[in-house]
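What's in run.txt: compact mmCIF, N, CA and C atoms
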# COMPACT_ATOMS: atom_id res chain seq x y z
N LEU X 1 7.02 -3.36 8.06
CA LEU X 1 6.94 -2.04 8.68
C LEU X 1 6.46 -2.16 10.13
N VAL X 2 5.50 -3.04 10.36
CA VAL X 2 4.97 -3.20 11.71
C VAL X 2 6.04 -3.78 12.64
N LEU X 3 6.85 -4.71 12.12
CA LEU X 3 7.91 -5.29 12.95
C LEU X 3 8.94 -4.23 13.35
N PHE X 4 9.21 -3.29 12.50
CA PHE X 4 10.11 -2.19 12.83
C PHE X 4 9.44 -1.22 13.80
N ALA X 5 8.13 -1.04 13.66
CA ALA X 5 7.40 -0.06 14.47
C ALA X 5 7.30 -0.47 15.93
N ILE X 6 7.32 -1.75 16.22
CA ILE X 6 7.18 -2.21 17.61
C ILE X 6 8.36 -1.72 18.46
N PRO X 7 9.62 -2.04 18.09
CA PRO X 7 10.72 -1.53 18.93
C PRO X 7 10.84 0.00 18.86
N TRP X 8 10.51 0.59 17.72
CA TRP X 8 10.56 2.04 17.58
C TRP X 8 9.65 2.71 18.61
N THR X 9 8.41 2.26 18.65
CA THR X 9 7.43 2.85 19.56
C THR X 9 7.78 2.53 21.01
N ALA X 10 8.24 1.31 21.27
CA ALA X 10 8.61 0.93 22.64
C ALA X 10 9.75 1.81 23.13
N PHE X 11 10.76 2.04 22.29
CA PHE X 11 11.87 2.90 22.71
C PHE X 11 11.41 4.33 22.93
N ALA X 12 10.51 4.82 22.08
CA ALA X 12 10.02 6.19 22.24
C ALA X 12 9.25 6.35 23.55
N VAL X 13 8.45 5.35 23.90
CA VAL X 13 7.73 5.39 25.17
C VAL X 13 8.72 5.30 26.33
N PHE X 14 9.73 4.42 26.20
CA PHE X 14 10.77 4.31 27.21
C PHE X 14 11.48 5.66 27.39
N TRP X 15 11.78 6.33 26.29
CA TRP X 15 12.42 7.65 26.36
C TRP X 15 11.56 8.64 27.15
N ILE X 16 10.29 8.68 26.87
CA ILE X 16 9.40 9.62 27.56
C ILE X 16 9.35 9.32 29.05
N VAL X 17 9.20 8.03 29.39
CA VAL X 17 9.13 7.65 30.81
C VAL X 17 10.45 7.97 31.51
N SER X 18 11.58 7.63 30.87
CA SER X 18 12.89 7.91 31.47
C SER X 18 13.13 9.41 31.62
N ALA X 19 12.78 10.16 30.60
CA ALA X 19 12.98 11.62 30.65
C ALA X 19 12.08 12.25 31.69
N ALA X 20 10.87 11.72 31.85
CA ALA X 20 9.96 12.26 32.86
C ALA X 20 10.48 11.97 34.26
N SER X 21 11.05 10.79 34.47
CA SER X 21 11.57 10.46 35.80
C SER X 21 12.86 11.22 36.08
N MET X 22 13.59 11.64 35.06
CA MET X 22 14.80 12.41 35.24
C MET X 22 14.49 13.79 35.81
N GLY X 23 13.34 14.32 35.46
CA GLY X 23 12.96 15.63 35.95
C GLY X 23 12.56 15.63 37.40
N ASP X 24 12.35 14.46 37.99
CA ASP X 24 11.92 14.36 39.39
C ASP X 24 13.09 14.12 40.33
N SER X 25 14.32 14.36 39.88
CA SER X 25 15.47 13.98 40.69
C SER X 25 15.80 14.96 41.81
N GLY X 26 15.30 16.15 41.78
CA GLY X 26 15.63 17.09 42.87
C GLY X 26 14.95 18.42 42.69
N PRO X 27 15.08 19.29 43.67
CA PRO X 27 14.38 20.56 43.60
C PRO X 27 14.90 21.51 42.52
N GLY X 28 16.16 21.42 42.15
CA GLY X 28 16.70 22.35 41.15
C GLY X 28 16.66 21.82 39.74
N SER X 29 16.02 20.68 39.48
CA SER X 29 16.05 20.05 38.15
C SER X 29 14.80 20.30 37.34
N GLU X 30 14.03 21.28 37.68
CA GLU X 30 12.77 21.51 36.98
C GLU X 30 12.94 22.31 35.70
N GLY X 31 14.05 22.92 35.46
CA GLY X 31 14.26 23.80 34.31
C GLY X 31 14.16 23.09 32.97
N VAL X 32 15.29 22.78 32.39
CA VAL X 32 15.37 22.21 31.05
C VAL X 32 14.81 20.80 31.01
N PHE X 33 15.04 20.01 32.04
CA PHE X 33 14.65 18.61 32.03
C PHE X 33 13.13 18.41 32.00
N ARG X 34 12.40 19.42 32.37
CA ARG X 34 10.95 19.29 32.36
C ARG X 34 10.41 19.08 30.94
N PHE X 35 11.12 19.59 29.94
CA PHE X 35 10.64 19.50 28.55
C PHE X 35 11.20 18.29 27.79
N PHE X 36 12.13 17.55 28.40
CA PHE X 36 12.70 16.38 27.72
C PHE X 36 11.67 15.35 27.29
N PRO X 37 10.66 15.04 28.10
CA PRO X 37 9.67 14.04 27.63
C PRO X 37 8.95 14.46 26.35
N LEU X 38 8.84 15.74 26.11
CA LEU X 38 8.15 16.21 24.90
C LEU X 38 8.89 15.86 23.62
N PHE X 39 10.21 15.67 23.71
CA PHE X 39 10.98 15.30 22.52
C PHE X 39 10.61 13.90 22.03
N GLY X 40 10.08 13.06 22.88
CA GLY X 40 9.69 11.71 22.48
C GLY X 40 8.32 11.63 21.85
N VAL X 41 7.48 12.65 22.03
CA VAL X 41 6.11 12.60 21.53
C VAL X 41 6.04 12.43 20.01
N PRO X 42 6.81 13.18 19.19
CA PRO X 42 6.74 12.95 17.74
C PRO X 42 7.12 11.52 17.34
N PHE X 43 8.07 10.95 18.07
CA PHE X 43 8.49 9.59 17.74
C PHE X 43 7.40 8.57 18.10
N VAL X 44 6.69 8.81 19.18
CA VAL X 44 5.55 7.93 19.52
C VAL X 44 4.47 8.06 18.46
N LEU X 45 4.21 9.27 18.00
CA LEU X 45 3.18 9.47 16.97
C LEU X 45 3.56 8.78 15.67
N VAL X 46 4.85 8.86 15.28
CA VAL X 46 5.31 8.15 14.08
C VAL X 46 5.17 6.65 14.28
N GLY X 47 5.51 6.16 15.47
CA GLY X 47 5.36 4.74 15.76
C GLY X 47 3.92 4.28 15.67
N ILE X 48 3.01 5.08 16.20
CA ILE X 48 1.58 4.74 16.11
C ILE X 48 1.14 4.72 14.65
N GLY X 49 1.65 5.66 13.86
CA GLY X 49 1.33 5.67 12.43
C GLY X 49 1.83 4.41 11.72
N MET X 50 3.06 3.99 12.06
CA MET X 50 3.59 2.77 11.44
C MET X 50 2.82 1.54 11.90
N LEU X 51 2.47 1.49 13.18
CA LEU X 51 1.71 0.35 13.70
C LEU X 51 0.32 0.25 13.07
N SER X 52 -0.27 1.39 12.74
CA SER X 52 -1.61 1.38 12.17
C SER X 52 -1.61 1.35 10.64
N SER X 53 -0.44 1.27 10.01
CA SER X 53 -0.37 1.28 8.54
C SER X 53 -1.16 0.15 7.88
N PRO X 54 -1.20 -1.07 8.44
CA PRO X 54 -2.05 -2.09 7.80
C PRO X 54 -3.53 -1.70 7.78
N LEU X 55 -3.99 -1.02 8.81
CA LEU X 55 -5.39 -0.58 8.82
C LEU X 55 -5.65 0.46 7.75
N TRP X 56 -4.70 1.37 7.56
CA TRP X 56 -4.84 2.38 6.50
C TRP X 56 -4.83 1.72 5.12
N ALA X 57 -3.96 0.73 4.93
CA ALA X 57 -3.91 0.03 3.64
C ALA X 57 -5.21 -0.73 3.38
N LEU X 58 -5.75 -1.35 4.43
CA LEU X 58 -7.02 -2.07 4.29
C LEU X 58 -8.15 -1.12 3.94
N ARG X 59 -8.17 0.02 4.59
CA ARG X 59 -9.21 1.01 4.30
C ARG X 59 -9.09 1.52 2.86
N ARG X 60 -7.86 1.78 2.45
CA ARG X 60 -7.64 2.26 1.07
C ARG X 60 -8.05 1.20 0.06
N ALA X 61 -7.69 -0.06 0.32
CA ALA X 61 -8.03 -1.14 -0.60
C ALA X 61 -9.53 -1.36 -0.70
N SER X 62 -10.25 -1.11 0.38
CA SER X 62 -11.69 -1.32 0.34
C SER X 62 -12.40 -0.28 -0.51
N LYS X 63 -11.71 0.77 -0.88
CA LYS X 63 -12.30 1.83 -1.70
C LYS X 63 -12.12 1.58 -3.20
N PHE X 64 -11.54 0.43 -3.58
CA PHE X 64 -11.31 0.12 -4.99
C PHE X 64 -12.31 -0.92 -5.47
N VAL X 65 -12.74 -0.75 -6.72
CA VAL X 65 -13.63 -1.71 -7.38
C VAL X 65 -12.95 -2.12 -8.68
N TYR X 66 -12.94 -3.41 -8.96
CA TYR X 66 -12.34 -3.93 -10.18
C TYR X 66 -13.43 -4.50 -11.06
N VAL X 67 -13.37 -4.15 -12.35
CA VAL X 67 -14.38 -4.59 -13.30
C VAL X 67 -13.67 -5.17 -14.52
N VAL X 68 -14.15 -6.33 -14.98
CA VAL X 68 -13.65 -6.91 -16.22
C VAL X 68 -14.84 -7.08 -17.14
N THR X 69 -14.79 -6.44 -18.30
CA THR X 69 -15.84 -6.59 -19.31
C THR X 69 -15.25 -7.36 -20.48
N ASP X 70 -16.02 -7.51 -21.55
CA ASP X 70 -15.49 -8.18 -22.73
C ASP X 70 -14.56 -7.27 -23.54
N ARG X 71 -14.43 -6.00 -23.14
CA ARG X 71 -13.59 -5.05 -23.90
C ARG X 71 -12.46 -4.43 -23.10
N ARG X 72 -12.53 -4.48 -21.74
CA ARG X 72 -11.49 -3.83 -20.95
C ARG X 72 -11.52 -4.25 -19.50
N ALA X 73 -10.40 -3.95 -18.82
CA ALA X 73 -10.31 -4.12 -17.37
C ALA X 73 -10.29 -2.72 -16.77
N ILE X 74 -11.08 -2.52 -15.74
CA ILE X 74 -11.26 -1.17 -15.19
C ILE X 74 -10.97 -1.21 -13.69
N ILE X 75 -10.23 -0.20 -13.24
CA ILE X 75 -9.98 0.00 -11.81
C ILE X 75 -10.63 1.32 -11.42
N VAL X 76 -11.58 1.26 -10.48
CA VAL X 76 -12.27 2.45 -9.98
C VAL X 76 -11.90 2.58 -8.51
N GLY X 77 -11.40 3.73 -8.13
CA GLY X 77 -11.03 3.86 -6.73
C GLY X 77 -10.66 5.26 -6.34
N GLY X 78 -10.25 5.37 -5.10
CA GLY X 78 -9.82 6.63 -4.54
C GLY X 78 -10.52 6.91 -3.23
N LEU X 79 -9.80 7.52 -2.29
CA LEU X 79 -10.37 7.85 -0.99
C LEU X 79 -11.19 9.13 -1.03
N PHE X 80 -10.58 10.19 -1.55
CA PHE X 80 -11.22 11.50 -1.50
C PHE X 80 -11.79 11.94 -2.85
N SER X 81 -11.30 11.33 -3.92
CA SER X 81 -11.84 11.62 -5.25
C SER X 81 -11.89 10.32 -6.03
N ARG X 82 -12.74 10.26 -7.01
CA ARG X 82 -12.95 9.05 -7.80
C ARG X 82 -11.98 9.04 -8.97
N THR X 83 -11.22 7.96 -9.10
CA THR X 83 -10.30 7.78 -10.21
C THR X 83 -10.72 6.53 -10.97
N VAL X 84 -10.86 6.66 -12.28
CA VAL X 84 -11.22 5.53 -13.12
C VAL X 84 -10.09 5.31 -14.12
N THR X 85 -9.50 4.10 -14.08
CA THR X 85 -8.43 3.75 -15.00
C THR X 85 -8.88 2.55 -15.80
N SER X 86 -8.81 2.68 -17.13
CA SER X 86 -9.31 1.64 -18.01
C SER X 86 -8.16 1.08 -18.85
N TYR X 87 -8.12 -0.25 -18.97
CA TYR X 87 -7.08 -0.92 -19.75
C TYR X 87 -7.75 -1.80 -20.79
N GLY X 88 -7.54 -1.45 -22.05
CA GLY X 88 -8.02 -2.29 -23.14
C GLY X 88 -7.10 -3.49 -23.31
N PRO X 89 -7.53 -4.48 -24.08
CA PRO X 89 -6.74 -5.70 -24.23
C PRO X 89 -5.36 -5.46 -24.83
N GLU X 90 -5.22 -4.44 -25.64
CA GLU X 90 -3.92 -4.15 -26.23
C GLU X 90 -2.93 -3.59 -25.21
N ARG X 91 -3.42 -3.10 -24.09
CA ARG X 91 -2.56 -2.52 -23.05
C ARG X 91 -2.21 -3.52 -21.95
N ILE X 92 -2.82 -4.70 -21.97
CA ILE X 92 -2.59 -5.68 -20.90
C ILE X 92 -1.59 -6.72 -21.39
N THR X 93 -0.47 -6.80 -20.69
CA THR X 93 0.57 -7.78 -21.02
C THR X 93 1.09 -8.39 -19.73
N HIS X 94 1.76 -9.51 -19.84
CA HIS X 94 2.45 -10.14 -18.72
C HIS X 94 1.56 -10.37 -17.50
N LEU X 95 0.48 -11.09 -17.66
CA LEU X 95 -0.38 -11.42 -16.53
C LEU X 95 0.32 -12.39 -15.58
N SER X 96 0.21 -12.12 -14.29
CA SER X 96 0.69 -13.06 -13.27
C SER X 96 -0.24 -13.00 -12.07
N ARG X 97 -0.30 -14.13 -11.36
CA ARG X 97 -1.26 -14.25 -10.27
C ARG X 97 -0.52 -14.70 -9.01
N LYS X 98 -0.90 -14.12 -7.88
CA LYS X 98 -0.41 -14.57 -6.57
C LYS X 98 -1.63 -15.06 -5.80
N GLU X 99 -1.69 -16.37 -5.60
CA GLU X 99 -2.90 -16.98 -5.05
C GLU X 99 -2.61 -17.60 -3.69
N LYS X 100 -3.54 -17.41 -2.75
CA LYS X 100 -3.45 -18.02 -1.43
C LYS X 100 -4.15 -19.37 -1.44
N LYS X 101 -4.04 -20.11 -0.35
CA LYS X 101 -4.65 -21.44 -0.28
C LYS X 101 -6.17 -21.40 -0.41
N ASP X 102 -6.80 -20.31 0.03
CA ASP X 102 -8.27 -20.22 -0.04
C ASP X 102 -8.78 -19.76 -1.41
N GLY X 103 -7.87 -19.54 -2.37
CA GLY X 103 -8.27 -19.14 -3.72
C GLY X 103 -8.28 -17.63 -3.94
N SER X 104 -8.14 -16.87 -2.87
CA SER X 104 -8.09 -15.42 -3.03
C SER X 104 -6.66 -15.02 -3.40
N GLY X 105 -6.51 -13.78 -3.85
CA GLY X 105 -5.17 -13.34 -4.19
C GLY X 105 -5.17 -12.07 -5.01
N ASP X 106 -4.03 -11.84 -5.67
CA ASP X 106 -3.81 -10.63 -6.45
C ASP X 106 -3.49 -11.00 -7.89
N LEU X 107 -3.96 -10.18 -8.81
CA LEU X 107 -3.68 -10.37 -10.23
C LEU X 107 -2.87 -9.17 -10.71
N PHE X 108 -1.68 -9.43 -11.22
CA PHE X 108 -0.78 -8.37 -11.68
C PHE X 108 -0.67 -8.40 -13.19
N PHE X 109 -0.58 -7.23 -13.79
CA PHE X 109 -0.35 -7.15 -15.23
C PHE X 109 0.43 -5.88 -15.53
N GLN X 110 1.22 -5.97 -16.59
CA GLN X 110 1.95 -4.80 -17.07
C GLN X 110 1.05 -4.06 -18.04
N SER X 111 1.25 -2.77 -18.10
CA SER X 111 0.49 -2.00 -19.07
C SER X 111 1.44 -1.16 -19.89
N GLU X 112 1.43 -1.37 -21.15
CA GLU X 112 2.19 -0.62 -22.12
C GLU X 112 3.71 -0.77 -21.96
N VAL X 113 4.37 -0.88 -23.05
CA VAL X 113 5.82 -0.85 -23.05
C VAL X 113 6.23 0.48 -23.65
N ALA X 114 7.02 1.24 -22.91
CA ALA X 114 7.45 2.56 -23.36
C ALA X 114 8.88 2.48 -23.88
N LYS X 115 9.17 3.24 -24.92
CA LYS X 115 10.52 3.30 -25.47
C LYS X 115 11.22 4.54 -24.93
N GLN X 116 12.39 4.32 -24.39
CA GLN X 116 13.20 5.43 -23.90
C GLN X 116 14.62 5.22 -24.40
N ALA X 117 15.09 6.12 -25.22
CA ALA X 117 16.45 6.06 -25.78
C ALA X 117 16.71 4.70 -26.43
N ASN X 118 15.78 4.26 -27.26
CA ASN X 118 15.85 2.99 -27.99
C ASN X 118 15.93 1.76 -27.10
N LEU X 119 15.58 1.89 -25.83
CA LEU X 119 15.53 0.76 -24.92
C LEU X 119 14.09 0.60 -24.45
N ALA X 120 13.58 -0.63 -24.50
CA ALA X 120 12.21 -0.87 -24.02
C ALA X 120 12.23 -1.00 -22.51
N SER X 121 11.35 -0.28 -21.85
CA SER X 121 11.23 -0.42 -20.39
C SER X 121 9.76 -0.60 -20.04
N LEU X 122 9.51 -1.49 -19.10
CA LEU X 122 8.14 -1.75 -18.72
C LEU X 122 7.66 -0.71 -17.72
N GLN X 123 6.42 -0.31 -17.88
CA GLN X 123 5.80 0.62 -16.94
C GLN X 123 5.50 -0.12 -15.63
N PRO X 124 5.18 0.60 -14.58
CA PRO X 124 4.88 -0.06 -13.30
C PRO X 124 3.72 -1.05 -13.43
N GLN X 125 3.74 -2.07 -12.57
CA GLN X 125 2.68 -3.07 -12.61
C GLN X 125 1.36 -2.46 -12.15
N ARG X 126 0.31 -2.91 -12.77
CA ARG X 126 -1.05 -2.59 -12.36
C ARG X 126 -1.60 -3.86 -11.73
N SER X 127 -2.56 -3.73 -10.87
CA SER X 127 -3.01 -4.95 -10.20
C SER X 127 -4.43 -4.84 -9.69
N PHE X 128 -5.04 -6.01 -9.60
CA PHE X 128 -6.30 -6.20 -8.91
C PHE X 128 -5.91 -6.88 -7.59
N LEU X 129 -6.12 -6.22 -6.48
CA LEU X 129 -5.67 -6.74 -5.20
C LEU X 129 -6.83 -7.26 -4.36
N GLY X 130 -6.58 -8.35 -3.64
CA GLY X 130 -7.57 -8.89 -2.72
C GLY X 130 -8.80 -9.46 -3.39
N ILE X 131 -8.62 -10.16 -4.50
CA ILE X 131 -9.72 -10.74 -5.24
C ILE X 131 -10.10 -12.08 -4.61
N PRO X 132 -11.39 -12.31 -4.31
CA PRO X 132 -11.80 -13.58 -3.67
C PRO X 132 -11.48 -14.82 -4.50
N ASP X 133 -11.77 -14.82 -5.80
CA ASP X 133 -11.48 -15.97 -6.68
C ASP X 133 -10.57 -15.47 -7.80
N VAL X 134 -9.30 -15.34 -7.49
CA VAL X 134 -8.37 -14.69 -8.40
C VAL X 134 -8.16 -15.49 -9.69
N LYS X 135 -8.24 -16.81 -9.64
CA LYS X 135 -8.07 -17.63 -10.85
C LYS X 135 -9.18 -17.36 -11.85
N ALA X 136 -10.43 -17.23 -11.37
CA ALA X 136 -11.55 -16.94 -12.27
C ALA X 136 -11.40 -15.57 -12.91
N VAL X 137 -10.91 -14.60 -12.15
CA VAL X 137 -10.71 -13.25 -12.71
C VAL X 137 -9.58 -13.28 -13.73
N GLU X 138 -8.52 -14.03 -13.45
CA GLU X 138 -7.43 -14.16 -14.42
C GLU X 138 -7.95 -14.78 -15.72
N ASP X 139 -8.78 -15.80 -15.61
CA ASP X 139 -9.35 -16.44 -16.80
C ASP X 139 -10.19 -15.44 -17.60
N MET X 140 -10.97 -14.62 -16.90
CA MET X 140 -11.78 -13.61 -17.61
C MET X 140 -10.90 -12.61 -18.35
N VAL X 141 -9.82 -12.16 -17.72
CA VAL X 141 -8.92 -11.20 -18.37
C VAL X 141 -8.24 -11.86 -19.56
N ARG X 142 -7.79 -13.11 -19.40
CA ARG X 142 -7.14 -13.82 -20.51
C ARG X 142 -8.12 -14.00 -21.69
N GLU X 143 -9.39 -14.33 -21.40
CA GLU X 143 -10.39 -14.46 -22.45
C GLU X 143 -10.61 -13.14 -23.17
N MET X 144 -10.66 -12.05 -22.41
CA MET X 144 -10.86 -10.72 -23.01
C MET X 144 -9.69 -10.38 -23.93
N VAL X 145 -8.48 -10.67 -23.50
CA VAL X 145 -7.29 -10.38 -24.33
C VAL X 145 -7.28 -11.29 -25.55
N ALA X 146 -7.60 -12.58 -25.37
CA ALA X 146 -7.60 -13.52 -26.50
C ALA X 146 -8.68 -13.16 -27.51
N ALA X 147 -9.83 -12.70 -27.08
CA ALA X 147 -10.91 -12.33 -28.00
C ALA X 147 -10.52 -11.11 -28.84
N HIS X 148 -9.68 -10.28 -28.31
CA HIS X 148 -9.24 -9.08 -29.05
C HIS X 148 -8.27 -9.46 -30.16
N LYS X 149 -7.46 -10.51 -29.93
CA LYS X 149 -6.47 -10.92 -30.93
C LYS X 149 -7.16 -11.70 -31.98

Encoding of this model in structure tokens:
Amino acid sequence: LVLFAIPWTAFAVFWIVSAASMGDSGPGSEGVFRFFPLFGVPFVLVGIGMLSSPLWALRRASKFVYVVTDRRAIIVGGLFSRTVTSYGPERITHLSRKEKKDGSGDLFFQSEVAKQANLASLQPQRSFLGIPDVKAVEDMVREMVAAHK
């Protein structure tokens, strides 16, 4: 998204500068052309929003807390209101881990298989994101699921 936002914002700024210089071309050009630079302002604002999206994602992620007990995995989070989602061992399936070189990473798991028209479909992935020692957390979740069976 950021790579797309760079040329988007640059072109929007170019549009505003070009449109502003177009209005300075002569004494009779002050009418309609004076407002042309304003058409670029919403596009610059959208570009700034796209450029700052990683900061918004980081802020949102910092508002989440992940807990693994011997009975469940819990996700607590939310920016403006508190949301608590709890997953018992029977609801956790298909664990997978994305690990970086420093040992941090994300832990993904499916929750519940729903039946729709006699076809099994998996629900969206749930995840613990930005975990410092993701392998240790995966081991804890696997132990919790194994102890339930």

Interatomic distance, atom N of Met144 in chain X to CA of Ile131 in chain X (Å, one decimal):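 Taking atom N of Met144 in chain X and CA of Ile131 in chain X, their separation equals 17.2 Å.
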
Å distance separating atom N of Ser18 in chain X from atom C of Val44 in chain X, one decimal place: 14.3 Å

Every residue of chain X that DSSP places in alpha helix (DSSP H), as number ranges by chain: X: 2-22, 41-51, 53-61, 134-148

One-decimal distance in Å that lies between CA of Gly103 in chain X and CA of Lys135 in chain X: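 CA of Gly103 in chain X lies at a distance of 7.3 Å from CA of Lys135 in chain X.
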
At a cut-off of 9 Å, using only C-alpha atoms, what residues contact Ser53 in chain X? Leave out same-chain residues fewer than 4 positions from it and give the result as a PDB file with N, CA and C atoms, keeping the file's coordinate frame.
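Result went into part04.pdb, see below:
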ATOM      1  N   LEU X   1       7.020  -3.360   8.060  1.00  0.00           N
ATOM      2  CA  LEU X   1       6.940  -2.040   8.680  1.00  0.00           C
ATOM      3  C   LEU X   1       6.460  -2.160  10.130  1.00  0.00           C
ATOM      4  N   VAL X   2       5.500  -3.040  10.360  1.00  0.00           N
ATOM      5  CA  VAL X   2       4.970  -3.200  11.710  1.00  0.00           C
ATOM      6  C   VAL X   2       6.040  -3.780  12.640  1.00  0.00           C
ATOM      7  N   ILE X  48       3.010   5.080  16.200  1.00  0.00           N
ATOM      8  CA  ILE X  48       1.580   4.740  16.110  1.00  0.00           C
ATOM      9  C   ILE X  48       1.140   4.720  14.650  1.00  0.00           C
ATOM     10  N   GLY X  49       1.650   5.660  13.860  1.00  0.00           N
ATOM     11  CA  GLY X  49       1.330   5.670  12.430  1.00  0.00           C
ATOM     12  C   GLY X  49       1.830   4.410  11.720  1.00  0.00           C
ATOM     13  N   ALA X  57      -3.960   0.730   4.930  1.00  0.00           N
ATOM     14  CA  ALA X  57      -3.910   0.030   3.640  1.00  0.00           C
ATOM     15  C   ALA X  57      -5.210  -0.730   3.380  1.00  0.00           C
ATOM     16  N   LEU X  58      -5.750  -1.350   4.430  1.00  0.00           N
ATOM     17  CA  LEU X  58      -7.020  -2.070   4.290  1.00  0.00           C
ATOM     18  C   LEU X  58      -8.150  -1.120   3.940  1.00  0.00           C
TER      19      LEU X  58
END
